[in-house]
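Just run.cif here, mmCIF, C-alpha atoms:
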data_my_file
loop_
_atom_site.label_atom_id
_atom_site.label_comp_id
_atom_site.auth_asym_id
_atom_site.auth_seq_id
_atom_site.Cartn_x
_atom_site.Cartn_y
_atom_site.Cartn_z
CA MET B 30 0.00 0.00 0.00
CA TYR B 31 0.99 3.64 -0.30
CA GLN B 32 1.50 6.14 2.51
CA SER B 33 -1.90 7.79 2.03
CA GLU B 34 -3.75 4.49 2.54
CA PHE B 35 -1.57 3.63 5.52
CA ASP B 36 -2.27 7.03 7.08
CA LYS B 37 -6.03 6.41 6.80
CA ASN B 38 -5.67 3.10 8.62
CA LEU B 39 -3.40 4.70 11.18
CA ASN B 40 -5.88 7.48 11.89
CA LYS B 41 -8.70 4.95 12.28
CA GLY B 42 -6.57 2.78 14.55
CA SER B 43 -7.03 -0.20 12.23
CA ILE B 44 -3.42 -1.28 11.82
CA SER B 45 -1.53 -4.54 12.15
CA ASN B 46 1.29 -5.27 14.60
CA SER B 47 3.80 -6.19 11.87
CA PHE B 48 5.06 -3.86 9.16
CA VAL B 49 7.36 -3.84 6.14
CA PHE B 50 8.53 -0.37 5.09
CA TYR B 51 10.47 0.35 1.90
CA GLY B 52 10.77 2.97 -0.81
CA GLU B 53 12.62 6.05 -1.94
CA SER B 54 12.15 8.25 1.15
CA LEU B 55 14.38 7.14 4.02
CA PHE B 56 13.21 10.17 5.98
CA LEU B 57 9.59 8.98 5.93
CA ILE B 58 10.62 5.42 6.76
CA ASP B 59 12.50 6.69 9.84
CA ARG B 60 9.63 8.98 10.79
CA TYR B 61 7.04 6.19 10.77
CA ILE B 62 9.38 3.85 12.66
CA LYS B 63 9.68 6.51 15.36
CA LEU B 64 5.91 7.05 15.38
CA LEU B 65 5.04 3.36 15.76
CA SER B 66 7.80 2.57 18.25
CA ASN B 67 6.83 5.35 20.66
CA ILE B 68 5.41 2.87 23.16
CA GLU B 69 5.81 3.33 26.89
CA ASP B 70 7.53 0.45 28.75
CA ALA B 71 8.17 -1.51 25.53
CA SER B 72 11.07 -3.94 25.40
CA ILE B 73 12.83 -2.83 22.22
CA LEU B 74 15.42 -4.71 20.18
CA ASN B 75 16.70 -2.51 17.38
CA TYR B 76 18.99 -3.74 14.59
CA ASN B 77 20.69 -1.36 12.16
CA GLN B 78 22.31 -2.58 8.94
CA ASP B 79 24.81 -5.43 9.63
CA GLU B 80 23.79 -5.88 13.29
CA TYR B 81 20.86 -8.17 12.47
CA ASP B 82 20.95 -11.68 13.98
CA PHE B 83 18.05 -14.02 13.30
CA ASN B 84 18.32 -16.20 16.43
CA SER B 85 18.43 -13.31 18.92
CA ALA B 86 15.64 -11.49 17.03
CA LYS B 87 13.45 -14.61 17.16
CA ALA B 88 14.20 -15.09 20.85
CA HIS B 89 13.16 -11.51 21.57
CA LEU B 90 9.67 -11.96 20.09
CA SER B 91 9.18 -15.45 21.53
CA GLN B 92 9.78 -14.52 25.16
CA ALA B 93 7.65 -12.56 27.60
CA SER B 94 8.53 -8.88 27.94
CA LEU B 95 11.02 -8.23 30.74
CA PHE B 96 9.04 -5.16 31.75
CA GLY B 97 5.58 -6.67 31.45
CA GLY B 98 4.82 -4.54 28.40
CA ARG B 99 5.25 -5.17 24.68
CA ASN B 100 8.12 -6.72 22.77
CA LEU B 101 9.18 -4.56 19.85
CA LEU B 102 11.57 -5.76 17.14
CA ILE B 103 12.95 -3.26 14.60
CA ILE B 104 15.19 -4.35 11.72
CA LYS B 105 16.50 -1.60 9.47
CA THR B 106 18.88 -2.74 6.76
CA HIS B 107 19.83 -2.24 3.11
CA LYS B 108 20.30 -6.02 2.86
CA LYS B 109 17.19 -8.14 2.38
CA VAL B 110 16.04 -10.39 5.20
CA GLY B 111 14.91 -13.78 3.89
CA LYS B 112 11.18 -14.42 3.38
CA LYS B 113 11.20 -17.45 5.71
CA GLU B 114 12.72 -15.41 8.53
CA LEU B 115 10.26 -12.56 8.00
CA ASP B 116 7.38 -15.06 8.05
CA ILE B 117 8.54 -16.34 11.44
CA PHE B 118 8.59 -12.84 12.93
CA VAL B 119 5.14 -12.15 11.49
CA GLN B 120 3.81 -15.42 12.92
CA TYR B 121 5.05 -14.48 16.39
CA CYS B 122 3.13 -11.21 16.04
CA GLU B 123 -0.04 -12.99 14.87
CA LYS B 124 0.14 -15.37 17.85
CA ASN B 125 0.82 -12.60 20.34
CA GLN B 126 -0.76 -9.18 19.77
CA ASP B 127 1.59 -7.67 22.36
CA ASN B 128 4.45 -8.17 19.91
CA LEU B 129 5.31 -5.51 17.36
CA PHE B 130 7.61 -6.04 14.38
CA ILE B 131 8.93 -3.42 11.95
CA TYR B 132 11.17 -4.37 9.05
CA ALA B 133 12.56 -1.36 7.18
CA TYR B 134 14.31 -2.21 3.94
CA THR B 135 16.53 0.70 2.87
CA GLY B 136 17.94 -0.83 -0.31
CA ASP B 137 16.68 -0.06 -3.80
CA ASP B 138 15.49 -3.48 -5.07
CA PHE B 139 11.74 -3.19 -4.42
CA ARG B 140 10.52 -5.94 -6.73
CA ALA B 141 9.61 -8.49 -4.06
CA TYR B 142 7.78 -6.01 -1.84
CA ASN B 143 5.83 -4.60 -4.78
CA ASP B 144 4.35 -8.07 -5.29
CA LYS B 145 1.04 -8.27 -3.43
CA LYS B 146 1.49 -12.02 -3.08
CA PHE B 147 4.62 -11.57 -0.93
CA PHE B 148 2.66 -11.29 2.34
CA ALA B 149 -0.77 -12.18 0.97
CA LYS B 150 -1.54 -14.75 3.69
CA GLN B 151 -0.37 -12.60 6.60
CA SER B 152 -1.76 -9.53 8.31
CA THR B 153 1.47 -7.61 7.69
CA MET B 154 1.12 -4.08 6.34
CA VAL B 155 3.58 -3.47 3.49
CA VAL B 156 4.05 0.26 2.84
CA ARG B 157 6.03 2.02 0.13
CA PHE B 158 7.21 5.57 0.81
CA PHE B 159 7.89 7.80 -2.19
CA HIS B 160 9.73 11.11 -2.08
CA PRO B 161 6.96 13.54 -1.06
CA LYS B 162 5.75 16.20 -3.47
CA LEU B 163 6.04 19.88 -2.55
CA GLY B 164 2.66 20.12 -0.81
CA GLU B 165 3.36 16.96 1.19
CA SER B 166 6.85 18.17 2.09
CA ILE B 167 5.43 21.46 3.37
CA ASN B 168 2.94 19.59 5.56
CA ILE B 169 5.65 17.28 6.92
CA ILE B 170 8.02 20.11 7.83
CA ALA B 171 5.09 22.05 9.33
CA GLN B 172 4.35 19.03 11.53
CA VAL B 173 8.02 18.74 12.55
CA ALA B 174 8.00 22.45 13.43
CA LYS B 175 4.82 22.01 15.47
CA GLU B 176 6.37 19.11 17.38
CA LYS B 177 9.34 21.32 18.23
CA ASN B 178 7.20 24.39 19.03
CA VAL B 179 8.69 26.40 16.16
CA ASN B 180 6.39 29.05 14.70
CA ILE B 181 6.92 29.03 10.92
CA ASP B 182 4.44 29.54 8.08
CA ASN B 183 4.18 27.62 4.80
CA TYR B 184 5.87 30.33 2.76
CA SER B 185 8.98 30.23 4.96
CA ILE B 186 8.92 26.43 4.89
CA THR B 187 8.84 26.53 1.08
CA HIS B 188 11.81 28.90 1.13
CA LEU B 189 13.68 26.42 3.33
CA LEU B 190 12.78 23.53 1.02
CA ASN B 191 14.02 25.49 -2.00
CA ILE B 192 17.35 26.08 -0.28
CA HIS B 193 17.82 22.35 0.24
CA ASN B 194 16.37 21.29 -3.12
CA GLY B 195 13.35 19.64 -1.49
CA ASP B 196 15.40 17.44 0.89
CA ILE B 197 13.01 17.12 3.83
CA ALA B 198 15.59 15.37 6.02
CA LEU B 199 17.89 18.39 5.82
CA CYS B 200 14.98 20.79 6.33
CA ALA B 201 13.77 18.88 9.38
CA ASN B 202 17.24 19.17 10.89
CA GLU B 203 17.33 22.90 10.17
CA ILE B 204 14.14 23.38 12.23
CA GLU B 205 16.28 22.65 15.29
CA LYS B 206 18.09 25.96 14.74
CA PHE B 207 14.89 27.95 15.31
CA ILE B 208 13.80 26.41 18.62
CA VAL B 209 15.36 29.31 20.56
CA PHE B 210 13.10 31.88 18.83
CA ASP B 211 9.88 32.86 20.62
CA ARG B 212 8.42 34.50 17.51
CA ALA B 213 7.41 33.60 13.96
CA ILE B 214 10.33 32.53 11.75
CA SER B 215 10.80 34.60 8.59
CA THR B 216 12.69 33.97 5.37
CA LYS B 217 15.31 36.45 6.61
CA ASP B 218 15.89 34.24 9.67
CA ILE B 219 16.31 31.26 7.36
CA ASP B 220 18.76 33.12 5.14
CA ALA B 221 20.78 34.19 8.17
CA LEU B 222 20.97 30.79 9.87
CA VAL B 223 20.81 28.40 6.94
CA PHE B 224 22.54 30.25 4.11
CA GLY B 225 24.98 32.13 6.32
CA LEU B 226 25.13 35.90 6.75
CA ALA B 227 27.54 36.50 3.85
CA GLU B 228 25.80 34.29 1.32
CA ILE B 229 23.63 35.49 -1.57
CA ASN B 230 20.00 34.39 -1.44
CA ILE B 231 19.48 32.27 -4.56
CA ASP B 232 15.99 33.73 -5.20
CA ASP B 233 17.46 37.24 -5.15
CA PHE B 234 20.16 36.06 -7.53
CA ILE B 235 17.54 34.70 -9.95
CA ILE B 236 15.52 37.93 -9.82
CA ASN B 237 18.67 39.94 -10.61
CA LEU B 238 19.42 37.52 -13.44
CA ILE B 239 15.95 38.04 -14.93
CA ASN B 240 16.41 41.79 -14.55
CA LYS B 241 19.56 41.36 -16.71
CA LYS B 242 21.91 42.60 -14.00
CA ASP B 243 25.51 41.44 -13.91
CA PHE B 244 25.54 38.04 -12.19
CA LYS B 245 29.23 37.11 -12.13
CA GLU B 246 30.08 38.16 -8.55
CA ASP B 247 26.80 36.79 -7.15
CA ILE B 248 27.18 33.37 -8.74
CA LYS B 249 30.81 33.26 -7.65
CA SER B 250 29.74 33.94 -4.06
CA ILE B 251 27.00 31.29 -4.22
CA LEU B 252 29.43 28.65 -5.48
CA GLU B 253 32.10 29.64 -2.96
CA HIS B 254 29.60 29.07 -0.15
CA GLY B 255 29.25 25.44 -1.20
CA GLU B 256 26.26 25.57 -3.54
CA ASP B 257 26.34 23.01 -6.35
CA GLU B 258 26.07 24.09 -10.01
CA ILE B 259 23.29 21.59 -10.70
CA ARG B 260 21.38 22.89 -7.68
CA VAL B 261 21.58 26.43 -9.15
CA ILE B 262 20.11 25.16 -12.43
CA THR B 263 17.31 23.21 -10.71
CA ALA B 264 16.46 26.22 -8.53
CA LEU B 265 16.34 28.42 -11.64
CA THR B 266 14.15 25.87 -13.42
CA SER B 267 11.77 25.76 -10.46
CA PHE B 268 11.57 29.56 -10.31
CA ILE B 269 10.87 29.88 -14.04
CA THR B 270 8.20 27.18 -13.79
CA GLN B 271 6.47 29.16 -11.05
CA LEU B 272 6.57 32.31 -13.18
CA TYR B 273 5.08 30.39 -16.10
CA LEU B 274 2.23 29.17 -13.85
CA PHE B 275 1.62 32.77 -12.74
CA ASN B 276 1.63 33.89 -16.37
CA ILE B 277 -0.94 31.29 -17.45
CA TYR B 278 -3.18 31.85 -14.42
CA ILE B 279 -3.24 35.63 -14.87
CA ARG B 280 -4.03 35.30 -18.59
CA VAL B 281 -7.00 33.08 -17.77
CA ASN B 282 -8.28 34.66 -14.54
CA GLY B 283 -7.03 38.24 -14.65
CA THR B 284 -5.46 38.34 -11.18
CA PRO B 285 -3.04 35.96 -9.40
CA ASN B 286 -4.08 33.62 -6.58
CA ALA B 287 -1.06 32.20 -4.75
CA ARG B 288 -2.93 29.31 -3.13
CA GLU B 289 -4.26 28.07 -6.47
CA ILE B 290 -0.96 28.63 -8.29
CA LEU B 291 1.57 27.51 -5.66
CA GLY B 292 -0.58 25.45 -3.32
CA TYR B 293 -0.03 27.78 -0.35
CA ASN B 294 -0.58 31.41 0.62
CA ALA B 295 2.46 33.59 -0.03
CA PRO B 296 3.02 37.17 1.24
CA GLN B 297 1.41 39.76 -0.99
CA PHE B 298 4.72 41.38 -1.94
CA VAL B 299 5.96 38.00 -3.21
CA VAL B 300 2.78 37.43 -5.23
CA LYS B 301 3.04 40.91 -6.74
CA GLU B 302 6.72 40.50 -7.60
CA LYS B 303 6.25 37.11 -9.28
CA ALA B 304 3.18 38.30 -11.13
CA GLU B 305 5.09 41.27 -12.54
CA LEU B 306 8.10 39.14 -13.47
CA SER B 307 5.92 36.47 -15.06
CA TYR B 308 4.30 38.92 -17.46
CA ARG B 309 7.63 40.29 -18.67
CA ILE B 310 8.47 36.94 -20.28
CA LYS B 311 6.58 35.92 -23.42
CA PRO B 312 4.99 32.42 -23.50
CA ASN B 313 7.26 31.18 -26.31
CA ILE B 314 10.33 32.35 -24.35
CA TYR B 315 9.33 30.19 -21.38
CA TYR B 316 9.63 27.15 -23.63
CA LYS B 317 13.11 28.18 -24.79
CA LEU B 318 14.25 28.89 -21.21
CA HIS B 319 13.05 25.51 -19.98
CA GLN B 320 14.73 23.76 -22.91
CA LEU B 321 18.00 25.58 -22.16
CA LEU B 322 17.90 24.70 -18.46
CA LEU B 323 17.00 21.04 -18.99
CA ASP B 324 19.72 20.64 -21.64
CA THR B 325 22.22 22.30 -19.29
CA GLU B 326 21.33 20.03 -16.38
CA LEU B 327 21.75 16.99 -18.63
CA GLN B 328 25.15 18.28 -19.78
CA MET B 329 26.29 18.79 -16.19
CA LYS B 330 25.40 15.21 -15.28
CA SER B 331 27.81 13.86 -17.88
CA SER B 332 31.14 12.67 -16.51
CA GLY B 333 34.31 14.72 -16.84
CA VAL B 334 32.70 18.06 -17.68
CA ASP B 335 33.48 21.51 -16.29
CA LYS B 336 30.17 22.27 -14.57
CA GLY B 337 31.24 25.81 -13.70
CA ALA B 338 31.93 26.72 -17.31
CA ILE B 339 28.66 25.13 -18.44
CA LEU B 340 26.77 27.10 -15.77
CA PHE B 341 28.27 30.44 -16.81
CA SER B 342 27.52 29.72 -20.47
CA CYS B 343 23.93 28.83 -19.60
CA LEU B 344 23.37 32.01 -17.55
CA ILE B 345 24.72 34.19 -20.37
CA ARG B 346 22.41 32.45 -22.86
CA PHE B 347 19.53 32.72 -20.37
CA GLN B 348 19.80 36.52 -20.26
CA GLN B 349 20.12 36.69 -24.06
CA LEU B 350 16.80 34.87 -24.45
CA LEU B 351 14.90 37.33 -22.21
#
Here is a file; write its structure as C-alpha cells.
Amino acid sequence: MYQSEFDKNLNKGSISNSFVFYGESLFLIDRYIKLLSNIEDASILNYNQDEYDFNSAKAHLSQASLFGGRNLLIIKTHKKVGKKELDIFVQYCEKNQDNLFIYAYTGDDFRAYNDKKFFAKQSTMVVRFFHPKLGESINIIAQVAKEKNVNIDNYSITHLLNIHNGDIALCANEIEKFIVFDRAISTKDIDALVFGLAEINIDDFIINLINKKDFKEDIKSILEHGEDEIRVITALTSFITQLYLFNIYIRVNGTPNAREILGYNAPQFVVKEKAELSYRIKPNIYYKLHQLLLDTELQMKSSGVDKGAILFSCLIRFQQLL
C-alpha cells in the first residue's frame, strides 16, 4: 500500500502489529518507525544494517517482555532479510498481539515487496514511501516544526525547502536551529541561519538575473559558499516554472491567486513580484528557457565536464533569451 492508505488506517486505529517499510524516502521510513515505536515500557530490540541476527531477534519476540509490556523488534537494513525469517517474525506477532515487528528495507530493489502475493496470507502491512511532493513536504516540515514548538508559516517552509532542493531530512534538521526563537520565523531568519550571513540568497540572484543585472560576482559567491552548479540550475528551473504558472493563471483569470498557483498562501509582496516578473516573459520564451535549463542540467550530469563553465555559459544564454 501507499503512505496515504496507511495514514487512513493509522488514523482509524485499524493497523496490524507487523510492518514492512520500503521505498525512496528514508526520511519517511524513519519517521514512521519513530511514530510506531513510541510505546511506553516496551522492550525494544533494534537492529541497524549489519547488526541483524536471526536467532536473537526470534528469541526476543518469543519470550515474555522483561518489563511486562510489549516486545518490539525493529530491523532496518539495506540487505534483504529472507522471506522465511520474515514469516517467522510475522507469525510471532499474529500469535501474540503484544508483539510488534517493523522491518525497514533501505535498499533499492523493491521488486519483491511490490508483489502483493509476498505477504498475501499474513496480516502484515507493506508500505512504500515515495519522495513527497512539494505540498506533502510542506505539511511534513510544518508538523516537525509544530512538534518542536517552532512558529513558521508555509511560505517560509517553502523557502527552506528550496534552499535544500526539497530534501526534507535536511529541512527537518534545520528546524532545530529555530527552537530558541519565541516569535514567527521569517525567510530572513532562514537566510541568516541556513545560508549564512555572507551568502547570496538564490531567489534574489535569480531575480537579478531576470532583470539582466551582472551576475558574475553573485554566482561566484554562491558557489564559494558550497552551492552546487546543478542545484543552481534546478532552482532556476523551479523559479521559471512558477513564473510560467503565474503567467498562465493571470491570462485566464485576470489576477493571481497564490494558493491556487503555488498550493499555499504567499506574502502579498511576493505574489506581486512574481506576477510582474511572469508577465515580462513571453509564452514562447518560457519554452526556450526551460529547454536551455533542462539541456544544461543533462550536460552537467555527464562525466568529466566543467560544470562551472557550463553554468556560466547557460546564464549568459539565459539573459540573451529574455
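Remark: for His193 (chain B), the closest of the candidate residues B:Phe83, B:Asp257, B:Val155, B:Gly136 is B:Asp257 (distances computed over all atoms listed in the file).
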Problem - Contact residues around Lys245 (chain B) with all atoms listed in the file at 10 Å, ignoring same-chain residues under 5 positions, as number ranges by chain - result: B: 238, 250, 341, 344-345
Exercise for the section: Output the residue selection produced by the PyMOL selection byres ((chain B and resi 115) around 10) on the file above, formatted as a PyMOL selection string. Expected result: chain B and resi 47+49+83+87+109-114+116-120+130+132+148
Practice task
Could you give me, as an MDAnalysis selection string, the residues within 9 Å of Arg309 (chain B), counting only C-alpha atoms and dropping anything in the same chain fewer than 4 positions from it?
Solution key: chainID B and resid 304:305 351
Include C-alpha atoms and write out the residues we just selected as a compact mmCIF listing (two decimals), keeping the file's coordinate frame.
# COMPACT_ATOMS: atom_id res chain seq x y z
CA ALA B 304 3.18 38.30 -11.13
CA GLU B 305 5.09 41.27 -12.54
CA LEU B 351 14.90 37.33 -22.21
Exercise for the section: I would like the residues chosen by the PyMOL selection byres ((chain B and resi 169) around 12) on the shown file; could you give them as an MDAnalysis selection string? Expected result: chainID B and resid 56:57 60:61 160:168 170:176 183 186:187 190 195:198 200:201 204
